[in-house]
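**Q** So that we are looking at the same thing, I have put the structure below in structure tokens.
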Amino acid sequence: MAEEEGDGPGVQRANCLLSVKTDLNLRLNPKTASKTKLFVVGSAIELRQRKKPKSSENKESAKEEKISETPVPERAPKHVLFQRFAKIFIGCLAAVTSGMMYALYLSAYHERKFWFSNRQELEREITFQGDSAIYYSYYKDMLKAPSFERGVYELTHNNNTVSLKTINAVQQMSLYPELIASVLYQATGSNEIIEPVYFYIGIVFGLQGIYVAALFVTSWLMSGTWLAGMLTVSWFIINRVDTTRIENSIPLRENWALPYFACQVAALTGYLKSNLNTYGEVHEVYKIYIFSLFLGYLLQFENSALLVSPLLSLVVALMLVKCLQLNAKKETLVAKIMKVINFYLVCTLTVTLNIVMKIFVPHEENGHMLKFLEVKFGLNMTKNFTLNWLLCQKSLQAPSQEFFLRLTQSSLLPFYILVLIICFLSMMQVIFRRNNGKSLKETVTLEDGRIGERPEIIYHVIHTILLGSLAMVIEGLKYLWTPYVCMLAASGVCSSELWMTLFKWLRLRTIHPVLLALILSMAVPTIIGLSLWKEFFPRLMTELTELQEFYDPDTVELMTWIKRQAPVAAVFAGSPQLMGVIKLCTGWMVTSLPLYNDEDLLKRNENIYQIYSKRSAEDVYKILTSYKANYLIVEDAICNEVGTMRGCRVKDLLDIANGHVVYEEGDRLTYSKYGRFCHEVKINYSPYVNYFTRVYWNRSYFVYKINTVISFQS
């Protein structure tokens, strides 16, 4: 019974004698080694069969034996643990301090620029221009609502912003930040301590501090030293004209979204750096992406555009191919054929899944965006006002030479190019070795000089190349790419592994390459930091000491007149940018908004802009009354616009769209029996006075009441 249940003393003794005897025979007579080995194997198999575990107790004892055989890592000495703790503590303290200092800097700069604390509420609100005014106006509406539920309902069924149109403002304008800010303002009791506008901009500035801290941490994780984080923050602030738009437009969606994006990148960098050892854990990243996309789908009111995204189809295809992937021995023809087949399957499945999703998932094709891209890349020509107006926007054009010059003057661009080239070539070297079947080390050391084998480096190199490609086409995307440039360049010059990779290629022999790499990883960022401090720190201090002033009395007078003289039910028509300010400052209904993700609103904007075209008074009157407008506001800055790029003025684009300029032959005007409406209506003669009555004007604005009863004068 004892032998059947487990290894008895007799069996153990027999095993020991057998092994000793076998060892002696092998040493004395090598010729009989093979026969003896067979005998030993056979005896071992017989003994294993005799002692095969049949109960759970034996399985548990086997597990315990396996665990006991696993080598336990020795505890590091106390002084080493203290050094690690001190390094982490100082790095975290530096990251938090950098974020807080940047947030305080933004607050001080904003106060100096707008004199915010010395202005009345109306003057403060005028500093929010264009779409920023719309976002903040809905924050105010949430604070005025009797309850949070009622406020959300009014925003999702909003019919008091745009005339003759009910919109889901939360979905269409992504108002979750305003919802959260309004809840925090009321739940924390801040309404008794601080004004709503200060609470709102304070949250945004705080998020920018988190943004900078996340970039700090990411650079720290990649380089192994918090010195890289300090350099990242320095480059970010010095090049803030190209890294953020927070100084000019606080409520922009990117100012809320980019801090969370940076935190996600930092978390993913830490995950790739510490846990990624197998393709299965890449698999985990795919699952996280799919979960995040599904969550976004629900939060964005079942936004079908996310489901038909090509990127989602690519991720699903990669996961399916991974599940179907067969193992094959390396350095064989079969392995190379399997790689080609897997690549073909990924491409085929991606296209197929995307087509299937578009067939079965109801969605709206973004037609105007596709047309915009066609014209942008020269694949088509158009006279359409909206498309040409979008192409004339600076944020949608290619980056200017001044952009690259600024990055070069701060030394950011040269070091970024150096780091990117070394990392990319090292990555290509790793791929080439794997394709040739060469074995790679599981653990890469500093002496190896293979920075391209690190998963987080591969991820960031691919990421920055993709973002950079987009930024080279559309300047507005530089605010996503340039912070990435700061982070990658700083982490590279502070990484001893990057310098070691370079020295391996150069086959440096005169000085020990490891020692030189360690020296350069500290000396280069120190020299860069000192030069940046000497050149740019005085400029930053000067900006904080200079007193600037945002003064727009004409707009203040216009808003004051509207609040005092216009009926509550009045509807105003004018340029979309001005309509956003009117909605914020007065709460009156408007005919259009400065939003460009809705085709109906884009069409409205084009129709309302006809007040600056060469159209008859009757045509303009019909357009305005079709949107139930009661008042028309003509802006002198648009009517007499002269300063922008030739061919990109609003009146030029309208003339092209209306056929009043022969587009193919240049700027030669064609015959039009009507003068420009915005000029003619100011003269006060028939037929313009029959349709429009001037009720207010100042140096910048002319307000006309749209007559409901038309009186024709000779």
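Residue names in the structure tokens use chain letters A, B, ... in the order shown, residue numbers from 1 in each chain, and ligand numbers from 1 in the order shown.
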Region 307-313 of chain A: which residues within 10 Å, counting only C-alpha atoms, same-chain residues fewer than 4 positions away excluded, as a ChimeraX atom specification?
**A** /A:286,289-290,293-294,297,302-303,317-318,346-347,349-363
**Q** Quick one: residues within 9 Å of Leu391 (chain A), only C-alpha atoms counted, chain neighbours fewer than 4 positions away excluded, as a list in words?
**A**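 The residues satisfying every condition are Phe372, Val375, Lys376, Thr386, Leu387, Ser395, Leu396, Gln397 and Cys648 of chain A.
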**Q** Please dump the current selection as a CSV table (one decimal), in the first residue's frame; keep N, CA and C atoms.
**A**
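That gives us result16.csv:
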```
chain,number,residue,atom,x,y,z
A,372,PHE,N,-13.1,67.3,-48.8
A,372,PHE,CA,-12.0,68.1,-48.3
A,372,PHE,C,-10.7,67.5,-48.6
A,375,VAL,N,-9.6,67.6,-52.3
A,375,VAL,CA,-9.1,68.9,-52.7
A,375,VAL,C,-7.8,69.3,-52.0
A,376,LYS,N,-7.7,68.8,-50.8
A,376,LYS,CA,-6.4,69.1,-50.0
A,376,LYS,C,-5.2,68.5,-50.7
A,386,THR,N,-17.7,76.3,-48.7
A,386,THR,CA,-17.3,75.7,-47.4
A,386,THR,C,-16.0,75.0,-47.5
A,387,LEU,N,-15.7,74.2,-48.6
A,387,LEU,CA,-14.5,73.5,-48.7
A,387,LEU,C,-13.3,74.5,-48.9
A,395,SER,N,-5.0,76.3,-39.5
A,395,SER,CA,-4.9,75.1,-38.8
A,395,SER,C,-5.0,73.9,-39.7
A,396,LEU,N,-5.6,74.1,-40.9
A,396,LEU,CA,-5.8,72.9,-41.8
A,396,LEU,C,-4.8,73.0,-43.0
A,397,GLN,N,-3.9,73.9,-42.9
A,397,GLN,CA,-2.9,74.0,-44.0
A,397,GLN,C,-1.6,73.3,-43.5
A,648,CYS,N,-8.4,84.1,-50.0
A,648,CYS,CA,-9.0,83.5,-48.9
A,648,CYS,C,-9.9,84.3,-48.0
```
**Q** Taking only C-alpha atoms into account, name the residue in A:Ser223, A:Asn597, A:Thr693, A:Ser700 that is nearest to His368 (chain A).
**A** A:Asn597
**Q** Can you list every residue in region 279-457 of chain A that DSSP puts in helix (DSSP H, G or I), as a ChimeraX atom specification?
**A** /A:279-299,304-307,310-324,333-360,367-376,385-392,394-396,401-409,412-435,446-448,451-453,455-457
**Q** What is the distance, in Å and to one decimal place, between CA of Val285 (chain A) and CA of Gly91 (chain A)?
**A**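 Here the two named atoms are 26.9 Å from each other.
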**Q** Rank A:Arg245, A:Arg676, A:Lys682, A:His463 by their smallest atom-to-atom distance to Phe702 (chain A), using only C-alpha atoms, and report the top residue only.
**A**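 Of all the options, A:Lys682 lies closest to Phe702 (chain A).
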**Q** If we count only C-alpha atoms and set the cut-off at 10 Å, which residues sit around Arg406 (chain A), ignoring sequence neighbours fewer than 5 positions away in its own chain? Please answer as JSON, numbers by chain.
**A** {"A": [238, 239, 241, 242, 401, 411, 412, 413]}
**Q** Any idea what the distance is between CA of Leu231 (chain A) and CA of Pro513 (chain A)?
**A**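 Interatomic distance, CA of Leu231 (chain A) to CA of Pro513 (chain A): 24.0 Å.
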**Q** Given only C-alpha atoms as the basis, pick out the residue of A:Arg450, A:His110, A:Arg649, A:Arg694 nearest to Met500 (chain A).
**A**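 The closest residue to Met500 (chain A) is A:Arg450.
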**Q** Which residue is closest to Arg564 (chain A)? Choose from A:Trp588, A:Asp552, A:Leu488, A:Val493 and count only C-alpha atoms.
**A**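 Of the candidates, the smallest distance to Arg564 (chain A) is held by A:Trp588.
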**Q** Quick one: everything within 10 Å of Asp652 (chain A), counting only C-alpha atoms, minus sequence neighbours fewer than 3 positions away in the same chain. Send it as a PyMOL selection string.
**A** chain A and resi 385+389+612-613+641+646-649+655-658+660-661+667
**Q** For a test of reading the model, state the distance in Å between CA of Glu402 (chain A) and CA of Tyr479 (chain A), rounded to one decimal.
**A**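 So the answer is 15.1 Å.
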**Q** Go through A:Ser132, A:Asn388, A:Thr232, A:Asn168 one by one, measure the shortest atom-to-atom distance of each to Tyr484 (chain A) using only C-alpha atoms, and give the residue with the smallest value.
**A**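 Under the stated criterion, the closest residue is A:Thr232.
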**Q** With a distance cut-off of 10 Å and only C-alpha atoms, select the neighbouring residues of Pro196 (chain A), excluding the residue or stretch itself and same-chain residues fewer than 5 positions from it, and output the selection as a VMD selection string.
**A** chain A and resid 139 to 140 143 181 to 182 185 to 186 190 to 191 201 to 202
